[in-house]
Structure formats: C-alpha cells, structure tokens
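J.: Sharing query_25.tsv below, TSV, C-alpha atoms:
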```tsv
chain	number	residue	atom	x	y	z
A	1	MET	CA	116.16	118.29	68.96
A	2	SER	CA	113.01	120.35	68.53
A	3	ALA	CA	110.84	121.16	71.53
A	4	PRO	CA	107.67	119.09	71.95
A	5	THR	CA	104.35	120.79	71.35
A	6	VAL	CA	101.89	121.49	74.14
A	7	GLY	CA	99.57	118.86	72.68
A	8	GLN	CA	102.28	116.22	72.77
A	9	VAL	CA	103.19	117.13	76.34
A	10	VAL	CA	99.57	116.89	77.49
A	11	LYS	CA	98.95	113.60	75.66
A	12	ASP	CA	102.11	112.08	77.11
A	13	GLY	CA	101.27	113.19	80.64
A	14	LEU	CA	97.69	111.98	80.59
A	15	TRP	CA	98.13	108.73	78.67
A	16	ASN	CA	101.21	107.80	76.62
A	17	ASN	CA	103.73	108.33	79.44
A	18	ASN	CA	101.44	108.25	82.45
A	19	GLN	CA	103.73	108.16	85.49
A	20	GLY	CA	101.68	105.55	87.31
A	21	LEU	CA	100.72	103.21	84.45
A	22	VAL	CA	103.59	103.51	81.96
A	23	ALA	CA	106.68	105.00	83.58
A	24	LEU	CA	105.77	103.19	86.83
A	25	LEU	CA	107.30	105.94	88.97
A	26	GLY	CA	106.17	106.94	92.44
A	27	LEU	CA	104.73	103.49	93.10
A	28	CYS	CA	105.46	103.47	96.84
A	29	PRO	CA	103.02	106.27	97.76
A	30	LEU	CA	100.67	105.22	94.96
A	31	LEU	CA	100.27	101.74	96.41
A	32	ALA	CA	100.42	102.70	100.09
A	33	VAL	CA	98.02	105.64	100.21
A	34	THR	CA	95.23	104.49	97.88
A	35	THR	CA	93.14	102.75	100.52
A	36	SER	CA	90.36	105.23	99.76
A	37	THR	CA	89.32	107.72	97.10
A	38	ILE	CA	89.96	110.75	99.33
A	39	ASN	CA	93.43	109.64	100.41
A	40	GLY	CA	94.39	109.11	96.79
A	41	LEU	CA	92.94	112.46	95.76
A	42	GLY	CA	94.70	114.29	98.60
A	43	LEU	CA	98.13	112.90	97.81
A	44	GLY	CA	97.51	113.34	94.09
A	45	LEU	CA	96.71	117.04	94.46
A	46	ALA	CA	99.82	117.56	96.58
A	47	THR	CA	101.93	115.80	93.94
A	48	LEU	CA	100.26	117.81	91.16
A	49	ALA	CA	101.10	121.09	92.89
A	50	THR	CA	104.67	119.91	93.46
A	51	LEU	CA	105.12	118.94	89.81
A	52	MET	CA	103.79	122.25	88.50
A	53	LEU	CA	105.74	124.49	90.88
A	54	THR	CA	108.96	122.50	90.60
A	55	ASN	CA	108.83	122.41	86.80
A	56	VAL	CA	108.27	126.16	86.54
A	57	ILE	CA	111.06	126.98	89.01
A	58	VAL	CA	113.55	124.61	87.35
A	59	ALA	CA	112.68	125.87	83.86
A	60	SER	CA	113.01	129.48	84.98
A	61	ALA	CA	116.40	128.87	86.64
A	62	ARG	CA	117.81	126.36	84.15
A	63	ARG	CA	120.42	128.79	82.77
A	64	TRP	CA	121.96	129.20	86.24
A	65	LEU	CA	121.95	125.51	87.22
A	66	ARG	CA	125.37	124.03	86.50
A	67	ALA	CA	125.32	120.51	85.05
A	68	GLU	CA	127.53	119.17	87.85
A	69	VAL	CA	125.05	120.06	90.59
A	70	ARG	CA	121.72	120.01	88.78
A	71	ILE	CA	120.33	116.87	90.48
A	72	PRO	CA	121.08	118.09	94.05
A	73	MET	CA	119.58	121.44	93.10
A	74	PHE	CA	116.47	119.73	91.77
A	75	VAL	CA	116.08	117.87	95.06
A	76	LEU	CA	116.59	121.10	97.03
A	77	ILE	CA	113.95	122.91	94.97
A	78	ILE	CA	111.51	120.01	95.33
A	79	ALA	CA	112.14	119.85	99.08
A	80	CYS	CA	111.36	123.58	99.45
A	81	VAL	CA	108.11	123.22	97.47
A	82	VAL	CA	107.00	120.09	99.36
A	83	THR	CA	107.77	121.70	102.71
A	84	ALA	CA	105.59	124.68	101.82
A	85	ILE	CA	102.75	122.39	100.71
A	86	GLU	CA	103.15	120.27	103.84
A	87	LEU	CA	102.93	123.32	106.13
A	88	LEU	CA	99.85	124.62	104.31
A	89	MET	CA	98.17	121.23	104.54
A	90	ASP	CA	99.02	120.91	108.22
A	91	ALA	CA	97.49	124.33	108.85
A	92	HIS	CA	94.33	124.03	106.76
A	93	LEU	CA	93.75	120.28	106.18
A	94	HIS	CA	95.17	118.80	109.35
A	95	GLN	CA	93.21	115.54	109.28
A	96	LEU	CA	94.28	114.85	105.70
A	97	TYR	CA	97.83	115.75	106.69
A	98	LEU	CA	97.67	113.10	109.42
A	99	ALA	CA	96.09	110.54	107.10
A	100	LEU	CA	98.83	110.90	104.47
A	101	GLY	CA	101.53	110.73	107.12
A	102	ILE	CA	105.08	110.11	105.97
A	103	PHE	CA	104.06	109.83	102.33
A	104	LEU	CA	103.50	113.57	102.06
A	105	PRO	CA	107.13	114.58	102.76
A	106	LEU	CA	108.28	111.57	100.72
A	107	ILE	CA	107.08	113.40	97.60
A	108	VAL	CA	110.58	114.93	97.74
A	109	THR	CA	112.02	111.57	96.69
A	110	ASN	CA	109.28	110.77	94.16
A	111	CYS	CA	111.10	109.77	90.98
A	112	ALA	CA	108.25	111.17	88.87
A	113	VAL	CA	108.94	114.70	90.13
A	114	ILE	CA	112.71	114.48	89.79
A	115	GLY	CA	112.35	112.76	86.43
A	116	ARG	CA	110.21	115.53	84.93
A	117	ALA	CA	112.60	118.18	86.22
A	118	GLU	CA	115.49	116.42	84.50
A	119	ALA	CA	113.73	115.22	81.35
A	120	LEU	CA	111.84	118.38	80.36
A	121	ALA	CA	111.81	121.31	82.79
A	122	SER	CA	115.60	121.74	82.72
A	123	ARG	CA	115.53	121.88	78.92
A	124	GLN	CA	112.39	123.82	78.00
A	125	ASN	CA	110.70	127.16	78.70
A	126	PRO	CA	108.57	127.70	81.83
A	127	LEU	CA	105.25	127.63	79.97
A	128	LEU	CA	105.91	124.23	78.43
A	129	ALA	CA	107.25	123.01	81.76
A	130	LEU	CA	104.03	124.19	83.43
A	131	PHE	CA	101.88	122.21	80.99
A	132	ASP	CA	104.12	119.17	81.49
A	133	GLY	CA	103.74	119.37	85.26
A	134	LEU	CA	99.98	119.89	84.93
A	135	SER	CA	99.42	116.97	82.55
A	136	MET	CA	101.76	114.59	84.38
A	137	GLY	CA	100.14	115.59	87.66
A	138	ILE	CA	96.60	115.08	86.41
A	139	GLY	CA	97.58	111.71	84.97
A	140	PHE	CA	99.03	110.69	88.34
A	141	VAL	CA	95.98	112.01	90.21
A	142	ALA	CA	93.71	109.98	87.94
A	143	VAL	CA	95.55	106.75	88.73
A	144	LEU	CA	95.51	107.47	92.47
A	145	VAL	CA	91.80	108.28	92.47
A	146	VAL	CA	90.75	105.32	90.32
A	147	LEU	CA	92.88	102.84	92.26
A	148	GLY	CA	91.73	104.31	95.57
A	149	SER	CA	88.10	104.12	94.46
A	150	ILE	CA	88.43	100.49	93.38
A	151	ARG	CA	90.07	99.47	96.65
A	152	GLU	CA	87.58	101.39	98.78
A	153	LEU	CA	84.62	100.01	96.85
A	154	VAL	CA	85.79	96.41	97.07
A	155	GLY	CA	87.16	96.75	100.59
A	156	TYR	CA	84.38	98.70	102.28
A	157	GLY	CA	81.54	98.99	99.77
A	158	THR	CA	81.68	102.80	99.83
A	159	LEU	CA	83.03	105.73	97.81
A	160	LEU	CA	84.26	109.13	99.05
A	161	SER	CA	84.35	107.97	102.65
A	162	GLY	CA	86.01	110.58	104.87
A	163	ALA	CA	85.52	113.36	102.33
A	164	ASP	CA	85.29	115.87	105.16
A	165	ILE	CA	89.07	115.66	105.78
A	166	LEU	CA	89.58	117.20	102.33
A	167	PHE	CA	86.44	119.26	101.74
A	168	GLY	CA	85.62	120.22	105.32
A	169	PRO	CA	82.08	120.06	106.75
A	170	ALA	CA	80.65	120.22	103.21
A	171	GLY	CA	82.10	116.77	102.55
A	172	ALA	CA	80.48	115.09	105.53
A	173	ASP	CA	77.48	113.94	103.47
A	174	LEU	CA	79.38	112.94	100.33
A	175	THR	CA	79.96	109.30	101.32
A	176	ILE	CA	78.25	106.94	98.89
A	177	HIS	CA	77.22	103.54	100.28
A	178	VAL	CA	77.25	101.44	97.11
A	179	PHE	CA	76.68	98.10	98.83
A	180	THR	CA	74.38	97.93	101.85
A	181	ASP	CA	75.04	95.34	104.56
A	182	TYR	CA	78.45	94.71	103.02
A	183	GLY	CA	80.88	92.83	105.24
A	184	GLY	CA	83.93	94.17	103.43
A	185	PHE	CA	86.88	92.47	101.77
A	186	LEU	CA	90.00	93.12	103.79
A	187	LEU	CA	92.47	92.01	101.11
A	188	ALA	CA	91.49	94.96	98.89
A	189	VAL	CA	92.81	97.54	101.37
A	190	LEU	CA	95.95	95.58	102.25
A	191	PRO	CA	99.18	95.79	100.18
A	192	PRO	CA	98.32	92.76	97.98
A	193	GLY	CA	95.11	94.50	96.96
A	194	ALA	CA	97.08	97.54	95.85
A	195	PHE	CA	99.30	95.44	93.58
A	196	VAL	CA	96.34	93.54	92.12
A	197	GLY	CA	94.39	96.75	91.51
A	198	LEU	CA	97.32	98.47	89.80
A	199	ALA	CA	97.94	95.38	87.67
A	200	VAL	CA	94.30	95.46	86.51
A	201	LEU	CA	94.59	99.15	85.57
A	202	ILE	CA	97.83	98.58	83.64
A	203	ALA	CA	96.31	95.60	81.81
A	204	PHE	CA	93.22	97.65	80.93
A	205	LYS	CA	95.32	100.49	79.53
A	206	ASN	CA	97.48	98.09	77.53
A	207	LYS	CA	94.34	96.50	76.10
A	208	LEU	CA	93.00	99.88	75.00
A	209	ASP	CA	96.37	100.78	73.45
A	210	ALA	CA	96.49	97.47	71.58
A	211	ARG	CA	93.00	98.00	70.17
A	212	ALA	CA	93.85	101.55	69.10
A	213	ALA	CA	97.03	100.34	67.40
A	214	GLN	CA	95.09	97.62	65.59
A	215	ARG	CA	92.54	100.14	64.33
A	216	ARG	CA	95.35	102.39	63.06
A	217	ARG	CA	96.95	99.46	61.21
A	218	GLN	CA	93.62	98.57	59.62
A	219	GLY	CA	93.09	102.17	58.59
A	220	ASP	CA	96.57	102.35	57.04
A	221	ALA	CA	95.96	99.09	55.19
A	222	VAL	CA	92.69	100.42	53.73
A	223	GLN	CA	94.37	103.63	52.59
A	224	ALA	CA	97.22	101.67	51.01
A	225	GLU	CA	94.89	99.51	48.89
A	226	PRO	CA	94.81	100.49	45.19
A	227	VAL	CA	91.66	102.22	44.01
```
Please express the file's structure as structure tokens.

T.:
Amino acid sequence: MSAPTVGQVVKDGLWNNNQGLVALLGLCPLLAVTTSTINGLGLGLATLATLMLTNVIVASARRWLRAEVRIPMFVLIIACVVTAIELLMDAHLHQLYLALGIFLPLIVTNCAVIGRAEALASRQNPLLALFDGLSMGIGFVAVLVVLGSIRELVGYGTLLSGADILFGPAGADLTIHVFTDYGGFLLAVLPPGAFVGLAVLIAFKNKLDARAAQRRRQGDAVQAEPV
C-alpha cells in the first residue's frame, strides 16, 4: 500500500478523520474539560504536543519496535512525553495545570494518540508522522476550543475567561463579556451540556459533508451529460 501524501494526511486530520468529530476518540477529556475556551485550548495544546512528539519518536524507532511489544512500547513512549509536558506545565503554567487536573496525565490513555501511533507513525517516515500528529492535533484542538467556547458562552455569557492561567498577566484583560447582566445557564457547563454541544458540532459537520457530496454529484452529472 502506497504512503499517503502530506495533503491527504492534513485533510484527514483537520476534517475527514477528525479525532473528536469523526473517529470519536478521546471523548472523556474532550467532554470533561471543555467548560471554558481556555481549558479546552490548554488541554488541546498539550494533546497536540503529545501527538507530534510521539509520532516522530515512534516513526523514528519503528524498525526497532518488535510487533509483539509495539503497543506497550507506544504507551511507554507516550507516558514519557506526557510526563515531560506535565512537569513543564506544572513549572510554568501552574494554574492551568491545576485546572486540567487528572485529565492532563490521562492523555497517556487517549485512544487518539495511541491510534495514530499504530495507524500511521509505526508505518511511515518521521516527516509524514510529524504532519499527521500536527494535523490531528490541530483538528482536536479546534473541537476542544469550539466546544469550550459554546459552553462558556451559553453557561456564563463570556469568552476567554481565565485567559491569564494560559497567557499570564497579558491575558488578564482578554475576557470578553458577550452578554451583560446574564444570569448564566448551568446546564451548559454540566456533563449534559457537553454531550449536547458535541452532538450539535457533529450534526453541523455531517450537514456540511452532505452538502459537499451533493454538489460533487451534481457536478459529475453535469460533466456526464452529452454535449
């Protein structure tokens, strides 16, 4: 089987095989952490870094990873990468580290990370694996940020609340109060709100895909008509 092109890898990661909207992997942290835009962005960036580093390491070492132990080795590599990211975040972004809590080390068990290591990184060169980790990570970040923004907006009437825990003092004035005198909607920031918000995003994506497929069929039909 021929190797996928960089364009295919990027398109799959961002849209066609988005880990949050299509593959539906890593849903536990995705649903639990996205109570705000900043929380979603923080976890998304940590997952993005994990995907990129893990993919490159696995692709670089794939010739020395025996088939019988490849999955445990993947988990060990991911655990080392996540531990390094966790220590860096604890040292430099301590408030964000506390906000993400247990879901930061749980990236080790994120099926999206293990899945990409098995599906592509262990079979392709490091450069292609890097692009796969980058595109899959950005796609996952986008879902986290959009879902977090929707839940924060509906739940609190704000956007980018608590930006200082990610951006430092420069983020203290980034909070946007979209609705003034807003009493809030508690359901949006509770677990049911996470499921409803994700369902809306999946439905929206499926609608866009259906429209694009219909336009392609119409275009093929026009081209097939005799002149």

J.: When distances are computed from all atoms listed in the file, which of A:Ala121, A:Leu106, A:Leu53, A:Cys28 shows the smallest separation from Arg70 of chain A?

T.: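 Using all atoms listed in the file, the shortest distance to Arg70 of chain A belongs to A:Ala121.
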
J.: Determine, counting only C-alpha atoms, which protein, DNA and RNA residues have an atom within 7 Å of an atom of segment 35-37 of chain A; residues of the same chain fewer than 6 positions away are not included. Present the result as a CSV table (one decimal) with C-alpha atoms, in the coordinates of the input.

T.:
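Dumped to out.csv:
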```csv
chain,number,residue,atom,x,y,z
A,145,VAL,CA,91.8,108.3,92.5
A,148,GLY,CA,91.7,104.3,95.6
A,149,SER,CA,88.1,104.1,94.5
A,151,ARG,CA,90.1,99.5,96.6
A,152,GLU,CA,87.6,101.4,98.8
A,159,LEU,CA,83.0,105.7,97.8
A,160,LEU,CA,84.3,109.1,99.0
A,189,VAL,CA,92.8,97.5,101.4
```

J.: Which is closer to Phe140 of chain A than all the others in A:Phe185, A:Ser161, A:Pro4, A:Leu30, using all atoms listed in the file?

T.: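 Looking only at the distances to Phe140 of chain A, the closest residue turns out to be A:Leu30.
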
J.: For Val141 of chain A, list every protein, DNA or RNA residue within 7 Å, evaluated using all atoms listed in the file, and leave out those in the same chain fewer than 4 positions away; present the list as a short mmCIF file (atom, residue, chain, number, x, y, z; two decimals) with C-alpha atoms, in the frame of the given file.

T.:
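Generated file (selection.cif):
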```cif
data_model
loop_
_atom_site.label_atom_id
_atom_site.label_comp_id
_atom_site.auth_asym_id
_atom_site.auth_seq_id
_atom_site.Cartn_x
_atom_site.Cartn_y
_atom_site.Cartn_z
CA LEU A 41 92.94 112.46 95.76
CA GLY A 44 97.51 113.34 94.09
CA LEU A 45 96.71 117.04 94.46
CA GLY A 137 100.14 115.59 87.66
CA VAL A 145 91.80 108.28 92.47
#
```

J.: What is the distance, in Å and to one decimal place, between atom CA of Gly162 of chain A and atom CA of Ala49 of chain A?

T.: 21.9 Å

J.: For a quick check of understanding, using all atoms listed in the file, which of A:Gln223, A:Ile38, A:Thr47, A:Met73 has the smallest distance to Thr158 of chain A?

T.: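 Of the candidates, the smallest distance to Thr158 of chain A is held by A:Ile38.
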
J.: Using Å and a single decimal, report how far atom CA of Leu43 of chain A sits from atom CA of Leu190 of chain A.

T.: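 Rounded to one decimal, the two atoms are 18.0 Å apart.
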
J.: Which residue gives the smallest distance to Gln95 of chain A among A:Asn39, A:Val113, A:Ala67, A:Gly7, with all atoms listed in the file counted?

T.: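 Once distances to Gln95 of chain A are computed over all atoms listed in the file, the minimum belongs to A:Asn39.
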
J.: How far is it from atom CA of Leu187 of chain A to atom CA of Val154 of chain A, in Å with one decimal?

T.: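 Straight-line distance from atom CA of Leu187 of chain A to atom CA of Val154 of chain A works out to 9.0 Å.
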
J.: Do you know which residues are at most 12 Å from Arg63 of chain A counting only C-alpha atoms, after dropping those on the same chain fewer than 2 positions away, and could you put them as a list in words?

T.: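 My reading of the contact set: Ile57, Val58, Ala59, Ser60, Ala61, Leu65, Arg66, Ala67, Arg70, Ala121, Ser122, Arg123, Gln124, Asn125 and Pro126 of chain A.
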
J.: Hey, can you spit out that residue selection with C-alpha atoms as a short mmCIF file (atom, residue, chain, number, x, y, z; two decimals), in the frame of the given file?

T.:
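The resulting out.cif:
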```
data_model
loop_
_atom_site.label_atom_id
_atom_site.label_comp_id
_atom_site.auth_asym_id
_atom_site.auth_seq_id
_atom_site.Cartn_x
_atom_site.Cartn_y
_atom_site.Cartn_z
CA ILE A 57 111.06 126.98 89.01
CA VAL A 58 113.55 124.61 87.35
CA ALA A 59 112.68 125.87 83.86
CA SER A 60 113.01 129.48 84.98
CA ALA A 61 116.40 128.87 86.64
CA LEU A 65 121.95 125.51 87.22
CA ARG A 66 125.37 124.03 86.50
CA ALA A 67 125.32 120.51 85.05
CA ARG A 70 121.72 120.01 88.78
CA ALA A 121 111.81 121.31 82.79
CA SER A 122 115.60 121.74 82.72
CA ARG A 123 115.53 121.88 78.92
CA GLN A 124 112.39 123.82 78.00
CA ASN A 125 110.70 127.16 78.70
CA PRO A 126 108.57 127.70 81.83
#
```

J.: Residues near Thr180 of chain A, anyone? I mean within 12 Å using all atoms listed in the file, not counting same-chain ones fewer than 3 positions away, as a PyMOL selection string.

T.: chain A and resi 153+156-158+176-177+183-184

J.: Using the atoms already present, construct N, CA and C atoms for segment 5-39 of chain A and hand them back as a short mmCIF file (atom, residue, chain, number, x, y, z; two decimals), in the coordinates of the input.

T.:
```
data_model
loop_
_atom_site.label_atom_id
_atom_site.label_comp_id
_atom_site.auth_asym_id
_atom_site.auth_seq_id
_atom_site.Cartn_x
_atom_site.Cartn_y
_atom_site.Cartn_z
N THR A 5 105.48 119.87 71.33
CA THR A 5 104.35 120.79 71.35
C THR A 5 103.56 120.60 72.65
N VAL A 6 102.73 121.59 72.95
CA VAL A 6 101.89 121.49 74.14
C VAL A 6 100.98 120.27 74.06
N GLY A 7 100.44 120.02 72.86
CA GLY A 7 99.57 118.86 72.68
C GLY A 7 100.28 117.55 72.96
N GLN A 8 101.51 117.43 72.50
CA GLN A 8 102.28 116.22 72.77
C GLN A 8 102.56 116.06 74.25
N VAL A 9 102.91 117.17 74.90
CA VAL A 9 103.19 117.13 76.34
C VAL A 9 101.96 116.68 77.12
N VAL A 10 100.81 117.24 76.79
CA VAL A 10 99.57 116.89 77.49
C VAL A 10 99.20 115.43 77.24
N LYS A 11 99.29 114.99 75.99
CA LYS A 11 98.95 113.60 75.66
C LYS A 11 99.87 112.62 76.36
N ASP A 12 101.16 112.95 76.42
CA ASP A 12 102.11 112.08 77.11
C ASP A 12 101.80 112.01 78.61
N GLY A 13 101.52 113.16 79.21
CA GLY A 13 101.27 113.19 80.64
C GLY A 13 100.01 112.44 81.04
N LEU A 14 98.97 112.59 80.24
CA LEU A 14 97.69 111.98 80.59
C LEU A 14 97.62 110.50 80.23
N TRP A 15 98.32 110.10 79.15
CA TRP A 15 98.13 108.73 78.67
C TRP A 15 99.41 108.02 78.26
N ASN A 16 100.10 108.54 77.22
CA ASN A 16 101.21 107.80 76.62
C ASN A 16 102.36 107.54 77.59
N ASN A 17 102.64 108.49 78.48
CA ASN A 17 103.73 108.33 79.44
C ASN A 17 103.23 108.57 80.86
N ASN A 18 102.02 108.09 81.12
CA ASN A 18 101.44 108.25 82.45
C ASN A 18 102.41 107.71 83.50
N GLN A 19 102.70 108.53 84.53
CA GLN A 19 103.73 108.16 85.49
C GLN A 19 103.37 106.95 86.34
N GLY A 20 102.09 106.68 86.51
CA GLY A 20 101.68 105.55 87.31
C GLY A 20 101.46 104.27 86.53
N LEU A 21 101.08 104.39 85.24
CA LEU A 21 100.72 103.21 84.45
C LEU A 21 101.76 102.84 83.40
N VAL A 22 102.60 103.78 83.01
CA VAL A 22 103.59 103.51 81.96
C VAL A 22 105.01 103.63 82.50
N ALA A 23 105.34 104.80 83.02
CA ALA A 23 106.68 105.00 83.58
C ALA A 23 106.86 104.22 84.88
N LEU A 24 105.75 103.93 85.57
CA LEU A 24 105.77 103.19 86.83
C LEU A 24 106.69 103.86 87.86
N LEU A 25 106.55 105.17 87.99
CA LEU A 25 107.30 105.94 88.97
C LEU A 25 106.38 106.36 90.11
N GLY A 26 106.95 106.55 91.28
CA GLY A 26 106.17 106.94 92.44
C GLY A 26 105.24 105.85 92.93
N LEU A 27 105.63 104.59 92.74
CA LEU A 27 104.73 103.49 93.10
C LEU A 27 104.57 103.31 94.60
N CYS A 28 105.57 103.66 95.38
CA CYS A 28 105.46 103.47 96.84
C CYS A 28 104.29 104.25 97.43
N PRO A 29 104.20 105.57 97.24
CA PRO A 29 103.02 106.27 97.76
C PRO A 29 101.74 105.87 97.03
N LEU A 30 101.86 105.59 95.72
CA LEU A 30 100.67 105.22 94.96
C LEU A 30 100.01 103.98 95.54
N LEU A 31 100.81 102.99 95.89
CA LEU A 31 100.27 101.74 96.41
C LEU A 31 99.89 101.85 97.88
N ALA A 32 100.64 102.65 98.64
CA ALA A 32 100.42 102.70 100.09
C ALA A 32 99.23 103.56 100.49
N VAL A 33 99.00 104.65 99.77
CA VAL A 33 98.02 105.64 100.21
C VAL A 33 96.62 105.36 99.66
N THR A 34 96.51 104.61 98.58
CA THR A 34 95.23 104.49 97.88
C THR A 34 94.29 103.49 98.54
N THR A 35 94.13 103.58 99.84
CA THR A 35 93.14 102.75 100.52
C THR A 35 91.74 103.34 100.41
N SER A 36 91.65 104.59 99.95
CA SER A 36 90.36 105.23 99.76
C SER A 36 90.48 106.29 98.67
N THR A 37 89.35 106.70 98.15
CA THR A 37 89.32 107.72 97.10
C THR A 37 89.91 109.04 97.61
N ILE A 38 89.53 109.45 98.80
CA ILE A 38 89.96 110.75 99.33
C ILE A 38 91.45 110.77 99.61
N ASN A 39 91.99 109.69 100.18
CA ASN A 39 93.43 109.64 100.41
C ASN A 39 94.21 109.76 99.10
#
```
